[in-house]
Amino acid sequence: MIIDCDPGVDDAVGLLLAFASPELEVLAVTTVGGNVPLEKTTRNARIIRQVAGRDEVPVYAGAAQPLKRDPAGAGEFHGAEGLGDLEAVEPDAPAAEGSAVEAIVRMVMGAEPKSVALAVMGPMTNLALALRAEPRLAERLGPVVVMGGARSEGGNITASAEFNIWADPEAAAEVFASGCEMVVFGLDATHQVRGTEERIAALEAVGNGPALTAAAMVRFSQRIERDIVGWDAAPLHDPCTVAWLLLPELFRLKPCLIEVETGSELTRGHTAVEFRVDPASARHLWAVEADGQGVFDLIAERLGAIR
Ligand code: BDR
Ligand code: CA
């Protein structure tokens, strides 16, 4: 798989889960400007790669800004440096030469059809640019597993939009219309995966560096969630993508057609999730249920096995 992300406290946990899972071959991590600017998301991906002891996996920097909009930012939910309270030290290994977009095209087109999954944990700018450069990617990619969008839960950045889709709605609209097979974890599912005190304590009890780092990410989110949103336990969004690749039975999905609003400022980035489709030909699947305890158990088990 390739992981396209904007770490981000929850991206960081998603990266750790993938790095810790031997059945997933992580070909590359690609970064995008999102929660914090590109320079920081790229550095943060390198920090997390180092925590997992996986410096051999290349990290490619991608788009610094959305296709048409000004760069957004969600520093209030991730801390000024993007990894909560974790000290943003300069990691040992550098980013790879070359761009994320070029790397995605090269790796996917060079592999067996459908053998490379792409997890998208941030704004979809890199994938949109890759599809513009090589439209055959849509047929070639394995599932595109996305964290983004909102239906019954409503939005988390505006009344109707979720952050990743809102940040670059034009990119998301292009990707959803591209023909890619997509499995989408919007807020309807990720709000069912919450870092309760008990679940954070279970991660802390694992005790190794990766688990303590993941626990610190979730604990930071919990504090912010209490301060800003008023909920006791914060949702853990991005790791749902990796968790589904590992244990799909943790989620219930429904075939659908997803389109993204780009024309209106009021509903910018709204995901219209249409279930009235022919299930046999539907290219999109929308997660309606998630087993939150199962996701946290999986993370604790996998991170605990990192030596
Ligand atoms: C998404 O937005 C970001 O802030 C998180 O990392 C996640 O990808 C949740 O809306
Ligand atoms: Ca993210």
# chains A, B, ... in the order shown; residues from 1 in each chain; ligands from 1
>>> residues_near_ligand(ligand="ligand 2", cutoff="8 Å", atoms="only C-alpha atoms and all ligand atoms", output="list in words")
Cys5, Asp6, Pro7, Gly8, Val9, Asp10, Asp11, Gly34, Asn35, Met121, Gly122, Pro123, Met147, Asn164, His237 and Asp238 of chain A
>>> closest_atom_pairs(of="segment 188-217 of chain A", to="segment 239-248 of chain A", cutoff="10 Å", atoms="only C-alpha atoms", output="CSV")
residue,atom,partner,partner_atom,distance
A:Ala189,CA,A:Cys240,CA,8.5
A:Thr190,CA,A:Cys240,CA,7.0
A:Val193,CA,A:Cys240,CA,8.2
>>> residues_around(residues="Ile48 of chain A", least_positions_apart="3", cutoff="9 Å", atoms="only C-alpha atoms", output="number ranges by chain")
A: 7, 12-13, 15-16, 43-45, 51-54, 91, 210, 213
>>> closest_residue(among="A:Val295, A:Leu67, A:Ala72, A:Val144", to="ligand 1", atoms="only C-alpha atoms and all ligand atoms")
A:Ala72
>>> residues_around(residues="Pro255 of chain A", least_positions_apart="2", cutoff="6 Å", atoms="only C-alpha atoms", output="PyMOL selection string")
chain A and resi 279+282+284-285
>>> write_last_selection(atoms="all heavy atoms", output="PDB file, in the first residue's frame")
ATOM      1  N   PRO A 279     -26.140  -1.910  -6.613  1.00  0.00           N
ATOM      2  CA  PRO A 279     -24.986  -2.361  -5.824  1.00  0.00           C
ATOM      3  C   PRO A 279     -23.940  -3.053  -6.685  1.00  0.00           C
ATOM      4  O   PRO A 279     -22.744  -2.983  -6.398  1.00  0.00           O
ATOM      5  CB  PRO A 279     -25.579  -3.343  -4.811  1.00  0.00           C
ATOM      6  CG  PRO A 279     -27.052  -3.181  -4.882  1.00  0.00           C
ATOM      7  CD  PRO A 279     -27.400  -2.490  -6.165  1.00  0.00           C
ATOM      8  N   ALA A 282     -21.802  -0.261  -8.324  1.00  0.00           N
ATOM      9  CA  ALA A 282     -21.356   0.882  -7.511  1.00  0.00           C
ATOM     10  C   ALA A 282     -19.840   0.852  -7.336  1.00  0.00           C
ATOM     11  O   ALA A 282     -19.262  -0.201  -7.059  1.00  0.00           O
ATOM     12  CB  ALA A 282     -22.038   0.850  -6.155  1.00  0.00           C
ATOM     13  N   HIS A 284     -18.334   3.060  -5.189  1.00  0.00           N
ATOM     14  CA  HIS A 284     -18.025   3.612  -3.871  1.00  0.00           C
ATOM     15  C   HIS A 284     -18.720   2.792  -2.775  1.00  0.00           C
ATOM     16  O   HIS A 284     -19.845   2.331  -2.955  1.00  0.00           O
ATOM     17  CB  HIS A 284     -18.523   5.062  -3.763  1.00  0.00           C
ATOM     18  CG  HIS A 284     -17.956   5.971  -4.805  1.00  0.00           C
ATOM     19  ND1 HIS A 284     -18.586   7.114  -5.234  1.00  0.00           N
ATOM     20  CD2 HIS A 284     -16.792   5.897  -5.520  1.00  0.00           C
ATOM     21  CE1 HIS A 284     -17.844   7.718  -6.156  1.00  0.00           C
ATOM     22  NE2 HIS A 284     -16.762   6.992  -6.360  1.00  0.00           N
ATOM     23  N   LEU A 285     -18.024   2.656  -1.655  1.00  0.00           N
ATOM     24  CA  LEU A 285     -18.619   2.034  -0.476  1.00  0.00           C
ATOM     25  C   LEU A 285     -18.475   3.032   0.668  1.00  0.00           C
ATOM     26  O   LEU A 285     -17.399   3.624   0.868  1.00  0.00           O
ATOM     27  CB  LEU A 285     -17.887   0.729  -0.122  1.00  0.00           C
ATOM     28  CG  LEU A 285     -18.032  -0.419  -1.115  1.00  0.00           C
ATOM     29  CD1 LEU A 285     -17.022  -1.530  -0.799  1.00  0.00           C
ATOM     30  CD2 LEU A 285     -19.455  -0.985  -1.061  1.00  0.00           C
TER      31      LEU A 285
END
>>> closest_residue(among="A:Ala96, A:Ile47, A:Ile306, A:Ile2", to="Ser115 of chain A", atoms="only C-alpha atoms")
A:Ile2
>>> select_by_dssp(residues="segment 143-191 of chain A", states="alpha helix (DSSP H)", output="number ranges by chain")
A: 163-167, 169-176, 187-190
>>> write_last_selection(atoms="all heavy atoms", output="short mmCIF file (atom, residue, chain, number, x, y, z; two decimals), in the first residue's frame")
data_model
loop_
_atom_site.label_atom_id
_atom_site.label_comp_id
_atom_site.auth_asym_id
_atom_site.auth_seq_id
_atom_site.Cartn_x
_atom_site.Cartn_y
_atom_site.Cartn_z
N PHE A 163 -13.40 18.00 7.26
CA PHE A 163 -12.19 18.78 6.96
C PHE A 163 -11.47 18.36 5.68
O PHE A 163 -11.15 19.20 4.83
CB PHE A 163 -11.21 18.74 8.14
CG PHE A 163 -9.90 19.41 7.83
CD1 PHE A 163 -9.79 20.80 7.83
CD2 PHE A 163 -8.77 18.67 7.49
CE1 PHE A 163 -8.59 21.43 7.51
CE2 PHE A 163 -7.57 19.29 7.18
CZ PHE A 163 -7.47 20.67 7.18
N ASN A 164 -11.16 17.06 5.51
CA ASN A 164 -10.33 16.65 4.37
C ASN A 164 -10.99 17.00 3.04
O ASN A 164 -10.30 17.39 2.07
CB ASN A 164 -10.06 15.13 4.40
CG ASN A 164 -9.09 14.75 5.49
OD1 ASN A 164 -8.36 15.59 6.01
ND2 ASN A 164 -9.08 13.47 5.85
N ILE A 165 -12.31 16.82 2.96
CA ILE A 165 -13.00 17.10 1.70
C ILE A 165 -13.16 18.61 1.53
O ILE A 165 -12.97 19.15 0.43
CB ILE A 165 -14.38 16.39 1.68
CG1 ILE A 165 -14.24 14.90 1.99
CG2 ILE A 165 -15.08 16.62 0.34
CD1 ILE A 165 -13.45 14.10 0.99
N TRP A 166 -13.47 19.28 2.62
CA TRP A 166 -13.64 20.74 2.59
C TRP A 166 -12.34 21.43 2.16
O TRP A 166 -12.35 22.40 1.41
CB TRP A 166 -14.08 21.22 3.98
CG TRP A 166 -14.23 22.70 4.10
CD1 TRP A 166 -15.35 23.44 3.83
CD2 TRP A 166 -13.22 23.63 4.52
NE1 TRP A 166 -15.09 24.77 4.06
CE2 TRP A 166 -13.79 24.91 4.48
CE3 TRP A 166 -11.89 23.50 4.92
CZ2 TRP A 166 -13.08 26.06 4.82
CZ3 TRP A 166 -11.17 24.64 5.26
CH2 TRP A 166 -11.78 25.91 5.21
N ALA A 167 -11.21 20.91 2.64
CA ALA A 167 -9.92 21.57 2.40
C ALA A 167 -9.60 21.63 0.90
O ALA A 167 -9.04 22.61 0.43
CB ALA A 167 -8.80 20.86 3.15
N PRO A 169 -12.01 20.63 -2.04
CA PRO A 169 -13.22 20.00 -2.61
C PRO A 169 -13.08 19.67 -4.09
O PRO A 169 -13.62 18.66 -4.55
CB PRO A 169 -14.32 21.05 -2.37
CG PRO A 169 -13.60 22.34 -2.16
CD PRO A 169 -12.27 22.00 -1.56
N GLU A 170 -12.35 20.50 -4.84
CA GLU A 170 -12.19 20.22 -6.28
C GLU A 170 -11.43 18.91 -6.48
O GLU A 170 -11.78 18.11 -7.35
CB GLU A 170 -11.48 21.38 -6.99
CG GLU A 170 -12.35 22.60 -7.26
CD GLU A 170 -12.60 23.45 -6.02
OE1 GLU A 170 -11.83 23.33 -5.04
OE2 GLU A 170 -13.57 24.25 -6.03
N ALA A 171 -10.38 18.71 -5.67
CA ALA A 171 -9.62 17.47 -5.79
C ALA A 171 -10.51 16.28 -5.45
O ALA A 171 -10.53 15.26 -6.17
CB ALA A 171 -8.41 17.50 -4.86
N ALA A 172 -11.27 16.39 -4.37
CA ALA A 172 -12.14 15.28 -3.96
C ALA A 172 -13.18 15.00 -5.05
O ALA A 172 -13.44 13.84 -5.39
CB ALA A 172 -12.81 15.60 -2.63
N ALA A 173 -13.76 16.06 -5.62
CA ALA A 173 -14.78 15.87 -6.66
C ALA A 173 -14.17 15.12 -7.84
O ALA A 173 -14.80 14.20 -8.40
CB ALA A 173 -15.33 17.23 -7.10
N GLU A 174 -12.96 15.47 -8.23
CA GLU A 174 -12.31 14.78 -9.36
C GLU A 174 -12.04 13.32 -9.04
O GLU A 174 -12.25 12.44 -9.88
CB GLU A 174 -10.98 15.48 -9.71
CG GLU A 174 -11.18 16.81 -10.41
CD GLU A 174 -9.86 17.42 -10.89
OE1 GLU A 174 -8.86 16.69 -11.14
OE2 GLU A 174 -9.83 18.65 -11.04
N VAL A 175 -11.57 13.07 -7.83
CA VAL A 175 -11.25 11.68 -7.47
C VAL A 175 -12.52 10.83 -7.41
O VAL A 175 -12.56 9.72 -7.95
CB VAL A 175 -10.47 11.62 -6.13
CG1 VAL A 175 -10.29 10.19 -5.68
CG2 VAL A 175 -9.11 12.31 -6.28
N PHE A 176 -13.58 11.35 -6.78
CA PHE A 176 -14.81 10.56 -6.70
C PHE A 176 -15.41 10.30 -8.09
O PHE A 176 -16.10 9.31 -8.29
CB PHE A 176 -15.84 11.24 -5.78
CG PHE A 176 -15.58 11.01 -4.31
CD1 PHE A 176 -15.21 12.04 -3.47
CD2 PHE A 176 -15.72 9.73 -3.77
CE1 PHE A 176 -14.96 11.82 -2.12
CE2 PHE A 176 -15.48 9.50 -2.41
CZ PHE A 176 -15.10 10.54 -1.58
N LEU A 187 -17.25 10.77 8.75
CA LEU A 187 -17.49 10.98 10.19
C LEU A 187 -18.55 10.04 10.74
O LEU A 187 -18.53 9.71 11.93
CB LEU A 187 -17.90 12.43 10.44
CG LEU A 187 -16.89 13.50 10.00
CD1 LEU A 187 -17.42 14.90 10.33
CD2 LEU A 187 -15.53 13.29 10.66
N ASP A 188 -19.48 9.58 9.87
CA ASP A 188 -20.52 8.65 10.36
C ASP A 188 -19.88 7.43 11.00
O ASP A 188 -20.38 6.90 12.00
CB ASP A 188 -21.43 8.19 9.20
CG ASP A 188 -22.16 9.34 8.53
OD1 ASP A 188 -21.87 10.51 8.86
OD2 ASP A 188 -23.01 9.06 7.67
N ALA A 189 -18.78 6.98 10.43
CA ALA A 189 -18.07 5.80 10.98
C ALA A 189 -17.03 6.21 12.01
O ALA A 189 -16.96 5.63 13.10
CB ALA A 189 -17.40 5.03 9.85
N THR A 190 -16.24 7.24 11.70
CA THR A 190 -15.10 7.53 12.59
C THR A 190 -15.55 8.08 13.94
O THR A 190 -14.83 7.95 14.93
CB THR A 190 -14.08 8.50 11.93
OG1 THR A 190 -14.68 9.78 11.72
CG2 THR A 190 -13.58 7.95 10.60
#
>>> closest_residue(among="A:Glu153, A:Glu56, A:Asp4, A:Glu97", to="Thr30 of chain A", atoms="only C-alpha atoms")
A:Asp4
>>> residues_around(residues="Gly304 of chain A", least_positions_apart="4", cutoff="10 Å", atoms="only C-alpha atoms", output="PDB file with all heavy atoms, in the first residue's frame")
ATOM      1  N   ALA A  20       3.235  -1.380  11.615  1.00  0.00           N
ATOM      2  CA  ALA A  20       3.308  -2.508  12.567  1.00  0.00           C
ATOM      3  C   ALA A  20       2.650  -3.774  12.037  1.00  0.00           C
ATOM      4  O   ALA A  20       2.653  -4.791  12.724  1.00  0.00           O
ATOM      5  CB  ALA A  20       2.636  -2.092  13.879  1.00  0.00           C
ATOM      6  N   LEU A 203      -3.547   1.368  25.647  1.00  0.00           N
ATOM      7  CA  LEU A 203      -2.397   1.627  24.763  1.00  0.00           C
ATOM      8  C   LEU A 203      -1.158   1.977  25.578  1.00  0.00           C
ATOM      9  O   LEU A 203      -0.053   1.512  25.283  1.00  0.00           O
ATOM     10  CB  LEU A 203      -2.713   2.807  23.841  1.00  0.00           C
ATOM     11  CG  LEU A 203      -3.261   2.538  22.461  1.00  0.00           C
ATOM     12  CD1 LEU A 203      -3.548   3.870  21.760  1.00  0.00           C
ATOM     13  CD2 LEU A 203      -2.266   1.724  21.630  1.00  0.00           C
ATOM     14  N   ALA A 205      -0.504   0.996  28.492  1.00  0.00           N
ATOM     15  CA  ALA A 205      -0.039  -0.208  29.195  1.00  0.00           C
ATOM     16  C   ALA A 205       0.826  -1.090  28.302  1.00  0.00           C
ATOM     17  O   ALA A 205       1.649  -1.864  28.788  1.00  0.00           O
ATOM     18  CB  ALA A 205      -1.237  -1.001  29.709  1.00  0.00           C
ATOM     19  N   VAL A 206       0.674  -0.961  26.984  1.00  0.00           N
ATOM     20  CA  VAL A 206       1.523  -1.745  26.064  1.00  0.00           C
ATOM     21  C   VAL A 206       2.989  -1.348  26.282  1.00  0.00           C
ATOM     22  O   VAL A 206       3.881  -2.191  26.291  1.00  0.00           O
ATOM     23  CB  VAL A 206       1.094  -1.512  24.595  1.00  0.00           C
ATOM     24  CG1 VAL A 206       2.083  -2.130  23.633  1.00  0.00           C
ATOM     25  CG2 VAL A 206      -0.315  -2.066  24.366  1.00  0.00           C
ATOM     26  N   GLY A 207       3.211  -0.056  26.464  1.00  0.00           N
ATOM     27  CA  GLY A 207       4.484   0.407  27.030  1.00  0.00           C
ATOM     28  C   GLY A 207       5.659   0.622  26.089  1.00  0.00           C
ATOM     29  O   GLY A 207       6.633   1.246  26.492  1.00  0.00           O
ATOM     30  N   ASN A 208       5.633   0.139  24.855  1.00  0.00           N
ATOM     31  CA  ASN A 208       6.796   0.387  23.984  1.00  0.00           C
ATOM     32  C   ASN A 208       6.661   1.769  23.310  1.00  0.00           C
ATOM     33  O   ASN A 208       5.626   2.435  23.411  1.00  0.00           O
ATOM     34  CB  ASN A 208       6.985  -0.741  22.959  1.00  0.00           C
ATOM     35  CG  ASN A 208       5.850  -0.840  21.961  1.00  0.00           C
ATOM     36  OD1 ASN A 208       4.944  -0.007  21.953  1.00  0.00           O
ATOM     37  ND2 ASN A 208       5.880  -1.850  21.116  1.00  0.00           N
ATOM     38  N   GLY A 209       7.725   2.188  22.618  1.00  0.00           N
ATOM     39  CA  GLY A 209       7.755   3.532  22.036  1.00  0.00           C
ATOM     40  C   GLY A 209       6.586   3.814  21.100  1.00  0.00           C
ATOM     41  O   GLY A 209       5.898   4.831  21.249  1.00  0.00           O
ATOM     42  N   PRO A 210       6.325   2.919  20.125  1.00  0.00           N
ATOM     43  CA  PRO A 210       5.221   3.190  19.205  1.00  0.00           C
ATOM     44  C   PRO A 210       3.859   3.293  19.915  1.00  0.00           C
ATOM     45  O   PRO A 210       3.053   4.179  19.601  1.00  0.00           O
ATOM     46  CB  PRO A 210       5.252   1.977  18.256  1.00  0.00           C
ATOM     47  CG  PRO A 210       6.681   1.530  18.282  1.00  0.00           C
ATOM     48  CD  PRO A 210       7.156   1.775  19.680  1.00  0.00           C
ATOM     49  N   ALA A 211       3.610   2.402  20.880  1.00  0.00           N
ATOM     50  CA  ALA A 211       2.312   2.441  21.576  1.00  0.00           C
ATOM     51  C   ALA A 211       2.195   3.701  22.432  1.00  0.00           C
ATOM     52  O   ALA A 211       1.119   4.328  22.489  1.00  0.00           O
ATOM     53  CB  ALA A 211       2.128   1.186  22.429  1.00  0.00           C
ATOM     54  N   LEU A 212       3.295   4.088  23.078  1.00  0.00           N
ATOM     55  CA  LEU A 212       3.248   5.309  23.898  1.00  0.00           C
ATOM     56  C   LEU A 212       3.062   6.546  23.017  1.00  0.00           C
ATOM     57  O   LEU A 212       2.368   7.498  23.389  1.00  0.00           O
ATOM     58  CB  LEU A 212       4.520   5.438  24.746  1.00  0.00           C
ATOM     59  CG  LEU A 212       4.639   4.405  25.884  1.00  0.00           C
ATOM     60  CD1 LEU A 212       5.998   4.532  26.571  1.00  0.00           C
ATOM     61  CD2 LEU A 212       3.507   4.561  26.904  1.00  0.00           C
ATOM     62  N   LEU A 298      -7.082  -3.715  17.942  1.00  0.00           N
ATOM     63  CA  LEU A 298      -6.164  -4.021  16.833  1.00  0.00           C
ATOM     64  C   LEU A 298      -4.903  -3.163  16.931  1.00  0.00           C
ATOM     65  O   LEU A 298      -3.775  -3.660  16.775  1.00  0.00           O
ATOM     66  CB  LEU A 298      -6.891  -3.767  15.504  1.00  0.00           C
ATOM     67  CG  LEU A 298      -6.092  -3.957  14.225  1.00  0.00           C
ATOM     68  CD1 LEU A 298      -5.739  -5.433  14.004  1.00  0.00           C
ATOM     69  CD2 LEU A 298      -6.879  -3.425  13.009  1.00  0.00           C
ATOM     70  N   ILE A 299      -5.089  -1.877  17.199  1.00  0.00           N
ATOM     71  CA  ILE A 299      -3.925  -0.976  17.293  1.00  0.00           C
ATOM     72  C   ILE A 299      -3.009  -1.415  18.434  1.00  0.00           C
ATOM     73  O   ILE A 299      -1.785  -1.523  18.267  1.00  0.00           O
ATOM     74  CB  ILE A 299      -4.405   0.489  17.490  1.00  0.00           C
ATOM     75  CG1 ILE A 299      -5.134   0.976  16.236  1.00  0.00           C
ATOM     76  CG2 ILE A 299      -3.221   1.405  17.816  1.00  0.00           C
ATOM     77  CD1 ILE A 299      -5.888   2.295  16.409  1.00  0.00           C
ATOM     78  N   ALA A 300      -3.594  -1.711  19.583  1.00  0.00           N
ATOM     79  CA  ALA A 300      -2.771  -2.101  20.742  1.00  0.00           C
ATOM     80  C   ALA A 300      -2.028  -3.398  20.454  1.00  0.00           C
ATOM     81  O   ALA A 300      -0.828  -3.532  20.749  1.00  0.00           O
ATOM     82  CB  ALA A 300      -3.653  -2.244  21.978  1.00  0.00           C
TER      83      ALA A 300
END
>>> atom_distance(atom1="atom CA of Ala74 of chain A", atom2="atom CA of Thr196 of chain A")
21.9 Å
